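What follows is query16.txt (compact mmCIF, C-alpha atoms (C1' of nucleotides)).
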```
# COMPACT_ATOMS: atom_id res chain seq x y z
CA MET A 73 -2.69 8.18 -5.32
CA VAL A 74 -2.72 9.58 -1.86
CA GLU A 75 1.01 9.97 -1.80
CA SER A 76 1.07 11.80 -4.99
CA ALA A 77 -0.44 14.54 -2.98
CA MET A 78 0.12 13.72 0.63
CA ALA A 79 3.58 12.43 0.33
CA ALA A 80 4.99 12.91 -3.08
CA THR A 81 7.96 15.11 -2.55
CA ASP A 82 9.77 16.35 0.44
CA GLU A 83 10.03 19.69 2.10
CA SER A 84 6.66 18.95 3.49
CA THR A 85 6.08 21.70 5.93
CA GLY A 86 7.82 24.47 4.16
CA ASP A 87 5.97 27.55 3.32
CA SER A 88 5.03 28.00 -0.22
CA THR A 89 7.70 29.54 -2.29
CA GLY A 90 6.19 31.60 -5.02
CA GLY A 91 6.06 30.77 -8.66
CA ARG A 92 4.92 27.19 -8.71
CA THR A 93 3.32 25.85 -11.78
CA PRO A 94 -0.07 24.28 -11.21
CA GLY A 95 0.51 20.59 -10.83
CA ASP A 96 3.72 21.03 -8.96
CA PRO A 97 3.78 18.16 -6.47
CA ASP A 98 4.75 20.54 -3.70
CA ASP A 99 1.63 22.45 -4.38
CA GLU A 100 -0.53 19.38 -4.08
CA LEU A 101 1.23 18.40 -0.92
CA LEU A 102 0.45 21.71 0.65
CA THR A 103 -3.05 21.67 -0.73
CA ALA A 104 -3.71 18.28 0.78
CA GLU A 105 -2.24 19.35 4.07
CA ARG A 106 -4.39 22.45 4.08
CA ASP A 107 -7.46 20.37 3.22
CA VAL A 108 -6.85 18.06 6.12
CA GLN A 109 -6.21 20.98 8.43
CA ALA A 110 -9.43 22.57 7.27
CA ARG A 111 -11.29 19.42 8.24
CA LEU A 112 -9.72 19.58 11.65
CA GLY A 113 -10.61 23.16 12.43
CA ASP A 114 -8.28 24.33 15.12
CA ARG A 115 -7.29 20.88 16.30
CA PRO A 116 -3.57 20.46 15.69
CA LEU A 117 -2.26 18.25 12.90
CA ASP A 118 1.02 16.36 13.14
CA PHE A 119 1.72 16.22 9.46
CA ALA A 120 5.28 14.93 9.69
CA SER A 121 4.12 11.82 11.57
CA LEU A 122 1.17 11.35 9.26
CA ASP A 123 3.43 11.52 6.24
CA ALA A 124 5.98 9.12 7.70
CA VAL A 125 3.42 6.50 8.72
CA SER A 126 1.29 6.63 5.60
CA ASN A 127 4.35 6.27 3.42
CA LEU A 128 5.56 3.42 5.57
CA TYR A 129 2.46 1.38 4.96
CA ARG A 130 2.24 2.24 1.31
CA THR A 131 5.85 1.48 0.55
CA ALA A 132 5.81 -1.84 2.37
CA ALA A 133 2.71 -2.93 0.46
CA ALA A 134 4.24 -1.87 -2.85
CA VAL A 135 7.48 -3.75 -2.24
CA ARG A 136 5.64 -6.80 -1.08
CA ARG A 137 3.46 -6.81 -4.17
CA ARG A 138 6.46 -6.37 -6.44
CA ALA A 139 8.22 -9.26 -4.75
CA GLU A 140 5.24 -11.58 -4.97
CA ALA A 141 4.61 -10.63 -8.58
CA GLY A 142 8.30 -10.98 -9.48
CA VAL A 143 10.94 -13.16 -7.87
CA LEU A 144 8.52 -15.10 -5.74
CA ALA A 145 5.85 -15.69 -8.37
CA GLU A 146 7.95 -18.21 -10.30
CA GLN A 147 8.19 -20.36 -7.20
CA ASN A 148 4.63 -19.60 -6.19
CA LEU A 149 5.78 -18.41 -2.79
CA SER A 150 4.16 -15.75 -0.65
CA PHE A 151 6.26 -13.16 1.09
CA GLY A 152 5.55 -14.88 4.39
CA GLY A 153 6.40 -18.31 3.03
CA PHE A 154 9.68 -17.01 1.71
CA THR A 155 10.48 -15.50 5.09
CA ILE A 156 9.93 -18.83 6.82
CA LEU A 157 12.29 -20.62 4.45
CA TRP A 158 14.84 -17.85 4.78
CA VAL A 159 14.84 -17.88 8.57
CA LEU A 160 15.30 -21.65 8.64
CA TRP A 161 18.05 -21.38 6.05
CA VAL A 162 20.04 -18.82 7.97
CA TRP A 163 19.50 -20.06 11.49
CA GLY A 164 18.74 -23.71 11.08
CA GLU A 165 15.98 -25.87 12.49
CA MET A 166 13.74 -24.24 14.99
CA GLU A 167 10.69 -24.84 17.17
CA THR A 168 7.44 -23.33 15.98
CA ALA A 169 7.11 -20.77 18.77
CA ARG A 170 10.46 -19.21 18.02
CA LEU A 171 9.94 -19.48 14.29
CA ALA A 172 6.70 -17.51 14.59
CA GLU A 173 8.52 -14.87 16.58
CA GLU A 174 11.37 -14.65 14.08
CA CYS A 175 8.96 -14.36 11.19
CA SER A 176 6.79 -11.87 13.05
CA LEU A 177 3.71 -14.03 12.61
CA ALA A 178 0.92 -15.10 14.94
CA LYS A 179 1.41 -18.73 15.88
CA GLY A 180 -1.91 -19.72 14.35
CA THR A 181 -0.84 -18.15 11.09
CA LEU A 182 2.39 -20.07 11.13
CA THR A 183 0.54 -23.38 11.53
CA GLY A 184 -1.31 -22.85 8.28
CA MET A 185 1.69 -21.66 6.36
CA LEU A 186 3.81 -24.55 7.57
CA THR A 187 1.14 -26.93 6.37
CA THR A 188 1.28 -25.30 2.96
CA LEU A 189 5.07 -25.53 2.84
CA GLU A 190 4.97 -29.10 4.13
CA LYS A 191 2.62 -30.15 1.33
CA ARG A 192 5.21 -28.87 -1.10
CA GLN A 193 7.90 -30.82 0.76
CA LEU A 194 9.90 -27.71 1.52
CA VAL A 195 9.82 -28.10 5.30
CA GLU A 196 9.19 -30.92 7.76
CA ARG A 197 7.69 -31.10 11.23
CA HIS A 198 9.38 -33.34 13.77
CA PRO A 199 7.87 -34.19 17.15
CA ILE A 200 10.16 -33.55 20.07
CA ALA A 201 10.47 -36.64 22.25
CA ALA A 202 11.27 -34.81 25.46
CA ASP A 203 8.13 -32.67 25.23
CA ARG A 204 5.45 -33.95 22.96
CA ARG A 205 3.63 -30.64 22.86
CA ARG A 206 6.47 -29.09 20.92
CA VAL A 207 7.42 -29.39 17.28
CA LEU A 208 10.73 -28.87 15.54
CA VAL A 209 10.67 -27.46 12.02
CA THR A 210 13.40 -28.24 9.54
CA LEU A 211 14.16 -27.45 5.94
CA THR A 212 14.03 -30.42 3.59
CA PRO A 213 16.73 -30.81 0.92
CA ASP A 214 14.19 -29.48 -1.57
CA GLY A 215 13.51 -26.49 0.64
CA GLU A 216 17.18 -25.85 1.12
CA ALA A 217 17.86 -26.05 -2.60
CA LEU A 218 15.00 -23.68 -3.29
CA ILE A 219 16.05 -20.98 -0.87
CA ASP A 220 19.68 -21.38 -1.79
CA GLU A 221 18.80 -20.59 -5.36
CA LEU A 222 16.14 -18.01 -4.54
CA PHE A 223 17.81 -15.84 -1.94
CA PRO A 224 20.47 -14.30 -4.16
CA ARG A 225 17.76 -13.29 -6.59
CA PHE A 226 15.69 -11.90 -3.78
CA ASN A 227 18.65 -9.94 -2.53
CA ARG A 228 19.13 -8.50 -6.00
CA PHE A 229 15.46 -7.55 -5.97
CA GLU A 230 16.01 -5.75 -2.67
CA GLY A 231 18.87 -3.90 -4.27
CA GLU A 232 16.68 -2.83 -7.16
CA MET A 233 13.91 -1.60 -4.89
CA THR A 234 16.34 0.50 -2.89
CA GLY A 235 18.39 1.46 -5.91
CA ALA A 236 17.55 5.15 -5.59
CA LEU A 237 19.18 5.25 -2.16
CA SER A 238 22.86 5.45 -1.37
CA GLY A 239 24.38 2.90 0.98
CA ASP A 240 24.31 5.42 3.79
CA GLU A 241 20.69 6.23 3.08
CA LYS A 242 19.75 2.55 3.22
CA ARG A 243 21.41 2.22 6.59
CA GLU A 244 19.76 5.40 7.80
CA LEU A 245 16.40 4.11 6.63
CA ALA A 246 16.92 0.85 8.49
CA ARG A 247 17.92 2.76 11.59
CA LEU A 248 14.84 4.99 11.53
CA LEU A 249 12.59 1.99 10.97
CA ARG A 250 14.14 0.19 13.89
CA LEU A 251 13.38 3.16 16.12
CA ILE A 252 9.72 2.83 15.19
CA THR A 253 9.64 -0.93 15.67
CA THR A 254 11.17 -0.55 19.09
CA ARG A 255 8.62 2.06 20.03
CA ALA A 256 5.79 -0.13 18.76
CA ALA A 257 7.05 -3.06 20.81
CA ASP A 258 7.54 -0.95 23.93
CA THR A 259 4.04 0.46 23.96
CA GLU A 260 2.58 -2.97 23.45
CA GLY A 261 0.09 -4.58 25.80
CA MET B 92 12.02 -11.69 15.06
CA VAL B 93 14.31 -11.55 12.15
CA GLU B 94 15.45 -8.08 12.91
CA SER B 95 15.80 -8.88 16.49
CA ALA B 96 18.86 -10.60 15.24
CA MET B 97 19.28 -9.06 11.87
CA ALA B 98 18.66 -5.58 12.95
CA ALA B 99 17.61 -4.99 16.48
CA THR B 100 18.46 -6.26 19.89
CA ASP B 101 17.89 -9.78 20.98
CA GLU B 102 19.86 -12.86 21.57
CA SER B 103 18.91 -15.12 18.80
CA THR B 104 21.36 -17.72 17.78
CA GLY B 105 21.66 -19.85 20.87
CA ASP B 106 19.26 -22.54 21.93
CA SER B 107 19.98 -21.69 25.50
CA THR B 108 18.58 -18.36 26.41
CA GLY B 109 21.61 -17.74 28.49
CA GLY B 110 21.72 -14.08 29.29
CA ARG B 111 23.60 -12.17 26.78
CA THR B 112 23.67 -8.70 28.13
CA PRO B 113 21.96 -6.06 26.05
CA GLY B 114 25.25 -5.08 24.67
CA ASP B 115 25.99 -4.40 21.09
CA PRO B 116 23.29 -4.63 18.54
CA ASP B 117 26.14 -4.18 16.10
CA ASP B 118 27.63 -7.40 17.29
CA GLU B 119 24.57 -9.40 16.49
CA LEU B 120 24.10 -7.58 13.28
CA LEU B 121 27.55 -8.55 12.16
CA THR B 122 27.08 -12.11 13.38
CA ALA B 123 23.90 -12.49 11.40
CA GLU B 124 25.52 -10.92 8.40
CA ARG B 125 28.43 -13.33 8.64
CA ASP B 126 26.05 -16.28 8.95
CA VAL B 127 24.19 -15.30 5.83
CA GLN B 128 27.42 -14.66 3.97
CA ALA B 129 28.63 -18.10 5.01
CA ARG B 130 25.54 -19.63 3.43
CA LEU B 131 26.24 -17.75 0.24
CA GLY B 132 29.84 -18.82 -0.16
CA ASP B 133 31.48 -16.34 -2.42
CA ARG B 134 28.30 -14.98 -3.93
CA PRO B 135 28.03 -11.32 -2.98
CA LEU B 136 25.56 -10.12 -0.34
CA ASP B 137 23.95 -6.70 -0.42
CA PHE B 138 23.38 -6.42 3.28
CA ALA B 139 22.39 -2.76 3.36
CA SER B 140 19.47 -3.42 1.02
CA LEU B 141 18.51 -6.58 2.86
CA ASP B 142 18.45 -4.74 6.13
CA ALA B 143 16.44 -1.83 4.75
CA VAL B 144 13.80 -4.01 3.10
CA SER B 145 13.37 -6.51 5.91
CA ASN B 146 12.97 -3.69 8.41
CA LEU B 147 10.50 -2.01 6.12
CA TYR B 148 8.18 -4.97 6.09
CA ARG B 149 8.56 -5.69 9.77
CA THR B 150 7.97 -2.13 10.86
CA ALA B 151 4.91 -1.68 8.70
CA ALA B 152 3.37 -4.87 10.08
CA ALA B 153 4.14 -3.83 13.66
CA VAL B 154 2.58 -0.40 13.23
CA ARG B 155 -0.44 -1.83 11.52
CA ARG B 156 -0.98 -4.34 14.28
CA ARG B 157 -0.61 -1.68 16.95
CA ALA B 158 -3.14 0.51 15.18
CA GLU B 159 -5.67 -2.27 14.77
CA ALA B 160 -5.23 -3.38 18.36
CA GLY B 161 -5.40 0.19 19.66
CA VAL B 162 -7.18 3.17 18.15
CA LEU B 163 -9.03 1.17 15.52
CA ALA B 164 -10.12 -1.70 17.74
CA GLU B 165 -12.66 0.39 19.63
CA GLN B 166 -14.43 1.13 16.37
CA ASN B 167 -13.80 -2.35 15.04
CA LEU B 168 -12.13 -0.93 11.95
CA SER B 169 -9.36 -2.51 9.94
CA PHE B 170 -6.43 -0.46 8.75
CA GLY B 171 -7.79 -0.65 5.22
CA GLY B 172 -11.29 0.32 6.30
CA PHE B 173 -9.92 3.32 8.12
CA THR B 174 -7.97 4.37 5.04
CA ILE B 175 -11.10 4.29 2.91
CA LEU B 176 -12.98 6.53 5.32
CA TRP B 177 -10.02 8.84 5.61
CA VAL B 178 -9.61 9.28 1.86
CA LEU B 179 -13.31 10.04 1.44
CA TRP B 180 -13.13 12.45 4.35
CA VAL B 181 -10.24 14.43 2.96
CA TRP B 182 -11.09 14.37 -0.71
CA GLY B 183 -14.82 13.89 -0.76
CA GLU B 184 -16.98 11.49 -2.75
CA MET B 185 -15.23 9.41 -5.31
CA GLU B 186 -15.78 6.67 -7.87
CA THR B 187 -14.64 3.19 -6.91
CA ALA B 188 -11.81 2.97 -9.43
CA ARG B 189 -10.12 6.09 -8.12
CA LEU B 190 -10.85 5.18 -4.53
CA ALA B 191 -9.10 1.85 -4.99
CA GLU B 192 -6.11 3.65 -6.48
CA GLU B 193 -5.99 6.17 -3.64
CA CYS B 194 -6.20 3.42 -1.04
CA SER B 195 -3.67 1.28 -2.86
CA LEU B 196 -6.08 -1.63 -3.05
CA ALA B 197 -7.09 -4.02 -5.80
CA LYS B 198 -10.54 -3.09 -7.01
CA GLY B 199 -11.95 -6.46 -6.05
CA THR B 200 -10.69 -5.94 -2.53
CA LEU B 201 -12.36 -2.57 -2.38
CA THR B 202 -15.71 -4.09 -3.35
CA GLY B 203 -15.71 -6.34 -0.31
CA MET B 204 -14.54 -3.67 2.07
CA LEU B 205 -17.13 -1.21 0.81
CA THR B 206 -19.81 -3.81 1.43
CA THR B 207 -18.58 -4.15 4.99
CA LEU B 208 -18.57 -0.40 5.52
CA GLU B 209 -21.94 -0.06 3.83
CA LYS B 210 -23.48 -2.61 6.21
CA ARG B 211 -22.33 -0.42 9.06
CA GLN B 212 -23.84 2.60 7.33
CA LEU B 213 -20.54 4.42 7.16
CA VAL B 214 -20.48 4.78 3.37
CA GLU B 215 -23.04 4.67 0.56
CA ARG B 216 -22.91 3.58 -3.06
CA HIS B 217 -24.71 5.74 -5.60
CA PRO B 218 -25.24 4.65 -9.20
CA ILE B 219 -24.10 7.18 -11.76
CA ALA B 220 -26.88 7.96 -14.18
CA ALA B 221 -24.64 8.89 -17.08
CA ASP B 222 -22.78 5.59 -16.96
CA ARG B 223 -24.49 2.82 -15.12
CA ARG B 224 -21.34 0.71 -14.89
CA ARG B 225 -19.82 3.19 -12.50
CA VAL B 226 -20.48 3.81 -8.84
CA LEU B 227 -19.96 6.87 -6.70
CA VAL B 228 -18.99 6.30 -3.08
CA THR B 229 -19.87 8.82 -0.39
CA LEU B 230 -19.44 9.09 3.33
CA THR B 231 -22.68 8.94 5.31
CA PRO B 232 -23.18 11.36 8.21
CA ASP B 233 -22.35 8.45 10.53
CA GLY B 234 -19.16 7.78 8.60
CA GLU B 235 -18.24 11.41 8.64
CA ALA B 236 -18.82 11.69 12.37
CA LEU B 237 -16.75 8.57 12.96
CA ILE B 238 -13.71 9.66 10.99
CA ASP B 239 -13.96 13.18 12.31
CA GLU B 240 -13.67 11.83 15.81
CA LEU B 241 -11.20 9.09 14.96
CA PHE B 242 -8.64 10.86 12.83
CA PRO B 243 -7.19 13.12 15.53
CA ARG B 244 -6.67 10.08 17.69
CA PHE B 245 -5.10 8.23 14.82
CA ASN B 246 -2.80 11.15 14.19
CA ARG B 247 -1.78 11.09 17.84
CA PHE B 248 -1.09 7.38 17.47
CA GLU B 249 1.14 8.14 14.49
CA GLY B 250 2.98 10.65 16.64
CA GLU B 251 3.50 8.04 19.34
CA MET B 252 4.81 5.46 16.89
CA THR B 253 7.31 7.92 15.47
CA GLY B 254 8.04 9.52 18.82
CA ALA B 255 11.66 8.42 18.83
CA LEU B 256 12.32 10.42 15.66
CA SER B 257 12.85 14.13 15.38
CA GLY B 258 10.75 16.12 12.96
CA ASP B 259 13.59 16.17 10.47
CA GLU B 260 14.04 12.44 10.81
CA LYS B 261 10.36 11.83 10.11
CA ARG B 262 10.59 13.90 6.97
CA GLU B 263 13.77 12.13 5.94
CA LEU B 264 12.11 8.77 6.53
CA ALA B 265 9.16 9.79 4.37
CA ARG B 266 11.53 10.99 1.67
CA LEU B 267 13.48 7.73 1.58
CA LEU B 268 10.30 5.68 1.52
CA ARG B 269 9.01 7.72 -1.39
CA LEU B 270 12.16 6.96 -3.33
CA ILE B 271 11.44 3.26 -2.91
CA THR B 272 7.77 3.57 -3.82
CA THR B 273 8.68 5.44 -6.95
CA ARG B 274 11.20 2.80 -7.91
CA ALA B 275 8.67 0.04 -7.26
CA ALA B 276 6.12 1.78 -9.46
CA ASP B 277 8.64 2.42 -12.22
CA THR B 278 9.77 -1.17 -12.51
CA GLU B 279 6.21 -2.38 -12.59
CA GLY B 280 4.73 -4.37 -15.40
C1' DC C 178 -0.26 -39.80 42.79
C1' DC C 179 -3.41 -36.68 41.18
C1' DA C 180 -6.45 -32.50 40.55
C1' DG C 181 -5.47 -27.69 39.04
C1' DT C 182 -2.81 -24.77 36.35
C1' DT C 183 0.28 -23.54 32.73
C1' DT C 184 2.15 -24.07 28.21
C1' DC C 185 2.30 -25.99 23.88
C1' DG C 186 0.46 -26.29 18.66
C1' DT C 187 -3.68 -26.50 16.30
C1' DT C 188 -8.41 -25.31 15.02
C1' DT C 189 -11.98 -21.98 14.21
C1' DG C 190 -14.24 -17.95 12.46
C1' DG C 191 -13.67 -13.89 10.35
C1' DC C 192 -11.62 -10.24 7.69
C1' DC C 193 -8.14 -8.62 4.33
C1' DC C 194 -6.20 -9.13 -0.09
C1' DC C 195 -5.25 -10.45 -4.79
C1' DA C 196 -5.73 -12.20 -9.70
C1' DA C 197 -8.70 -14.00 -12.95
C1' DA C 198 -13.25 -14.90 -14.60
C1' DT C 199 -17.93 -12.89 -15.11
C1' DG C 200 -21.65 -10.08 -16.48
C1' DA C 201 -23.53 -5.64 -17.33
C1' DT C 202 -22.93 -1.40 -19.78
C1' DC C 203 -20.91 1.79 -22.93
C1' DT C 204 -18.37 2.85 -27.34
C1' DT C 205 -16.90 2.06 -32.11
C1' DC C 206 -17.18 1.18 -36.53
C1' DC C 207 -19.37 -0.55 -40.21
C1' DG D 202 -28.74 0.47 -35.99
C1' DG D 203 -26.34 -3.41 -34.50
C1' DA D 204 -22.54 -6.54 -33.73
C1' DA D 205 -17.71 -6.46 -31.91
C1' DG D 206 -14.82 -4.75 -28.70
C1' DA D 207 -13.54 -2.06 -24.55
C1' DT D 208 -14.39 -0.85 -19.80
C1' DC D 209 -16.75 -0.87 -15.64
C1' DA D 210 -17.82 -3.24 -10.68
C1' DT D 211 -18.59 -7.49 -8.89
C1' DT D 212 -17.96 -12.44 -8.03
C1' DT D 213 -15.05 -16.37 -7.32
C1' DG D 214 -11.45 -19.09 -5.42
C1' DG D 215 -7.56 -19.29 -2.75
C1' DG D 216 -4.17 -17.67 0.59
C1' DG D 217 -2.52 -14.67 4.26
C1' DC D 218 -3.34 -13.10 8.70
C1' DC D 219 -5.12 -12.54 13.47
C1' DA D 220 -7.33 -13.38 18.11
C1' DA D 221 -9.71 -16.45 20.81
C1' DA D 222 -11.16 -21.00 21.83
C1' DC D 223 -9.52 -25.72 22.13
C1' DG D 224 -7.31 -30.08 23.41
C1' DA D 225 -3.16 -32.51 24.57
C1' DA D 226 0.85 -32.65 27.40
C1' DA D 227 3.75 -31.11 31.18
C1' DC D 228 4.32 -29.02 35.58
C1' DT D 229 2.82 -27.92 40.52
C1' DG D 230 1.39 -28.46 45.36
C1' DG D 231 -0.68 -31.21 48.40
```
Give the structure from the file, written as structure tokens.
Amino acid sequence: MVESAMAATDESTGDSTGGRTPGDPDDELLTAERDVQARLGDRPLDFASLDAVSNLYRTAAAVRRRAEAGVLAEQNLSFGGFTILWVLWVWGEMETARLAEECSLAKGTLTGMLTTLEKRQLVERHPIAADRRRVLVTLTPDGEALIDELFPRFNRFEGEMTGALSGDEKRELARLLRLITTRAADTEG
Amino acid sequence: MVESAMAATDESTGDSTGGRTPGDPDDELLTAERDVQARLGDRPLDFASLDAVSNLYRTAAAVRRRAEAGVLAEQNLSFGGFTILWVLWVWGEMETARLAEECSLAKGTLTGMLTTLEKRQLVERHPIAADRRRVLVTLTPDGEALIDELFPRFNRFEGEMTGALSGDEKRELARLLRLITTRAADTEG
DNA sequence: CCAGTTTCGTTTGGCCCCAAATGATCTTCC
DNA sequence: GGAAGATCATTTGGGGCCAAACGAAACTGG
């Protein structure tokens, strides 16, 4: 895998300390870095940022896959579908525009996913009398029962995935990620 | 957004958007945490893990969207398509099975994306004489020129996205993410 | 009132993405 | 050699996901 070389272990920019056995991950890391740098000639390479971002994407995909293949598979829920139920569970009924925002989904995407969840009787759409363009989304009793049973298991799954981190490290991770999200939002548009 | 209440800065729980001053993110964090805990009754909540994982997914999606709307949009490349070109650029020609592994894609997914890239003459498929089931994928000169021009800009984009972090923080972020990826891989199957 | 504009959710068209089924090719073992 | 089994990439079917186009409903100024 890319990370096995690009991102496998830390001390990424350190100089090579002697006496590595061939196959030492640090070696591969440096080799990969040198290979990329060679491709770039004398153009500078920001390897720390590269490493952070590529791991970000990879890790998110891995966790998502594990969730969908594990806890969520039994209920045949996608990660996004679970998020919708969870948001409604914690914060209560909500109009579609805000729900899309909370779930970090495009509104068109939400429409389709709500239809899927509605077919399974997990959520309901209610027209709003005062403004017939808008729609209120609620959890059905079935949906509520499902998420009530599912969330604790999902939370345990989250604990397993982050089990190699201390509590402080988890909070530090969340903090660093938030810094990136904020930056991404700020430079938007 | 979930984190806007769970983990960032936003007023989220009121229907009225009445101006809550951009005060304490901690406040909202604790409010959200209390709300979730209330739903759980006396079942325990691992909030640190919840926060880490939900931010992970959100941040990755935000960065991906920014990339696809920015640097990659001009070349009409998806994040996954870019990754394929990048892997071939750094490590040279490769068989499809390994390429899928490197790009963290299901092999069936890779087939479709290679077809897309092949139509644009960015990559080529070459049958392997010794084993006609297998296929070697190479970058065309066009593909090579594209990634050679694109990667430095992508690397700058990565620097912008992580611009709020120090070099040490970027490396720490990558380290923590790797711990999660490893755990996800270990518990697989 | 009522045309023009804005603001909703939905539809559309197009990729990405996966798991499972498929078909072609290679290997094994008799 | 040749059938049985393993191992490839591809195909299939079904969602997820987005941006842009769309149509209905609500606001706005005259």
**Message:** Near chain D, meaning an atom within 10 Å, which residues of chain B appear when counting only C-alpha atoms (C1' of nucleotides)? Write them as a PyMOL selection string.
**Reply:** chain B and resi 156+187-188+198-199+201-203+222-226
**Request:** Select, from B:Ala220, B:Trp182, B:Val154, B:Thr122, the residue with the minimum atom-to-atom distance to chain C, counting all atoms listed in the file.
**Result:** B:Ala220
**Request:** Mind running a least-squares superposition of chain A onto chain B over all the C-alpha atoms, in order, and reading off the RMSD?
**Result:**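 The fitted C-alpha deviation between chain B and chain A is 4.5 Å.
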**Asked** How many Å lie between CA of Arg216 in chain B and CA of Val228 in chain B, rounded to one decimal?
**Response** 4.8 Å
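With distances restricted to all atoms listed in the file, A:Thr181 is the closest residue to DT188 in chain C from A:Thr131, A:Thr253, A:Thr181, A:Thr188.
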**Asked** Please, what distance in Å, to one decimal, runs between CA of Leu149 in chain A and CA of Met233 in chain A?
**Response** 18.8 Å
**Request:** Could you list, as a PyMOL selection string, the residues of chain B having an atom within 7 Å of chain A when counting all atoms listed in the file?
**Result:** chain B and resi 92-93+99+104+126-127+137+139-144+146-148+150-151+153-154+157+181+192-193+246+249-250+252-253+255+258+261-262+264-272+274-275
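What separates CA of Leu120 in chain B from CA of Phe154 in chain A is a distance of 20.8 Å.
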Because the input lacks atoms here, generate N, CA and C atoms for range 117-135 of chain B and report them as a short mmCIF file (atom, residue, chain, number, x, y, z; two decimals), keeping the file's coordinate frame.
```
data_model
loop_
_atom_site.label_atom_id
_atom_site.label_comp_id
_atom_site.auth_asym_id
_atom_site.auth_seq_id
_atom_site.Cartn_x
_atom_site.Cartn_y
_atom_site.Cartn_z
N ASP B 117 25.21 -4.06 17.24
CA ASP B 117 26.14 -4.18 16.10
C ASP B 117 26.77 -5.56 16.04
N ASP B 118 27.06 -6.08 17.21
CA ASP B 118 27.63 -7.40 17.29
C ASP B 118 26.75 -8.43 16.62
N GLU B 119 25.50 -8.41 17.02
CA GLU B 119 24.57 -9.40 16.49
C GLU B 119 24.33 -9.16 15.02
N LEU B 120 24.29 -7.91 14.67
CA LEU B 120 24.10 -7.58 13.28
C LEU B 120 25.21 -8.21 12.45
N LEU B 121 26.41 -8.02 12.91
CA LEU B 121 27.55 -8.55 12.16
C LEU B 121 27.54 -10.07 12.18
N THR B 122 27.15 -10.66 13.31
CA THR B 122 27.08 -12.11 13.38
C THR B 122 26.09 -12.66 12.36
N ALA B 123 24.92 -12.04 12.34
CA ALA B 123 23.90 -12.49 11.40
C ALA B 123 24.39 -12.32 9.96
N GLU B 124 25.01 -11.18 9.74
CA GLU B 124 25.52 -10.92 8.40
C GLU B 124 26.54 -11.98 8.00
N ARG B 125 27.41 -12.32 8.93
CA ARG B 125 28.43 -13.33 8.64
C ARG B 125 27.78 -14.69 8.37
N ASP B 126 26.74 -15.01 9.15
CA ASP B 126 26.05 -16.28 8.95
C ASP B 126 25.43 -16.36 7.56
N VAL B 127 24.79 -15.29 7.16
CA VAL B 127 24.19 -15.30 5.83
C VAL B 127 25.28 -15.41 4.77
N GLN B 128 26.33 -14.63 4.95
CA GLN B 128 27.42 -14.66 3.97
C GLN B 128 28.02 -16.07 3.87
N ALA B 129 28.08 -16.75 5.02
CA ALA B 129 28.63 -18.10 5.01
C ALA B 129 27.76 -19.02 4.15
N ARG B 130 26.45 -18.83 4.23
CA ARG B 130 25.54 -19.63 3.43
C ARG B 130 25.72 -19.36 1.95
N LEU B 131 26.17 -18.16 1.64
CA LEU B 131 26.24 -17.75 0.24
C LEU B 131 27.57 -18.12 -0.41
N GLY B 132 28.54 -18.55 0.42
CA GLY B 132 29.84 -18.82 -0.16
C GLY B 132 30.42 -17.54 -0.68
N ASP B 133 30.85 -17.56 -1.91
CA ASP B 133 31.48 -16.34 -2.42
C ASP B 133 30.52 -15.50 -3.26
N ARG B 134 29.25 -15.85 -3.24
CA ARG B 134 28.30 -14.98 -3.93
C ARG B 134 28.12 -13.71 -3.10
N PRO B 135 28.05 -12.58 -3.74
CA PRO B 135 28.03 -11.32 -2.98
C PRO B 135 26.70 -11.11 -2.25
#
```
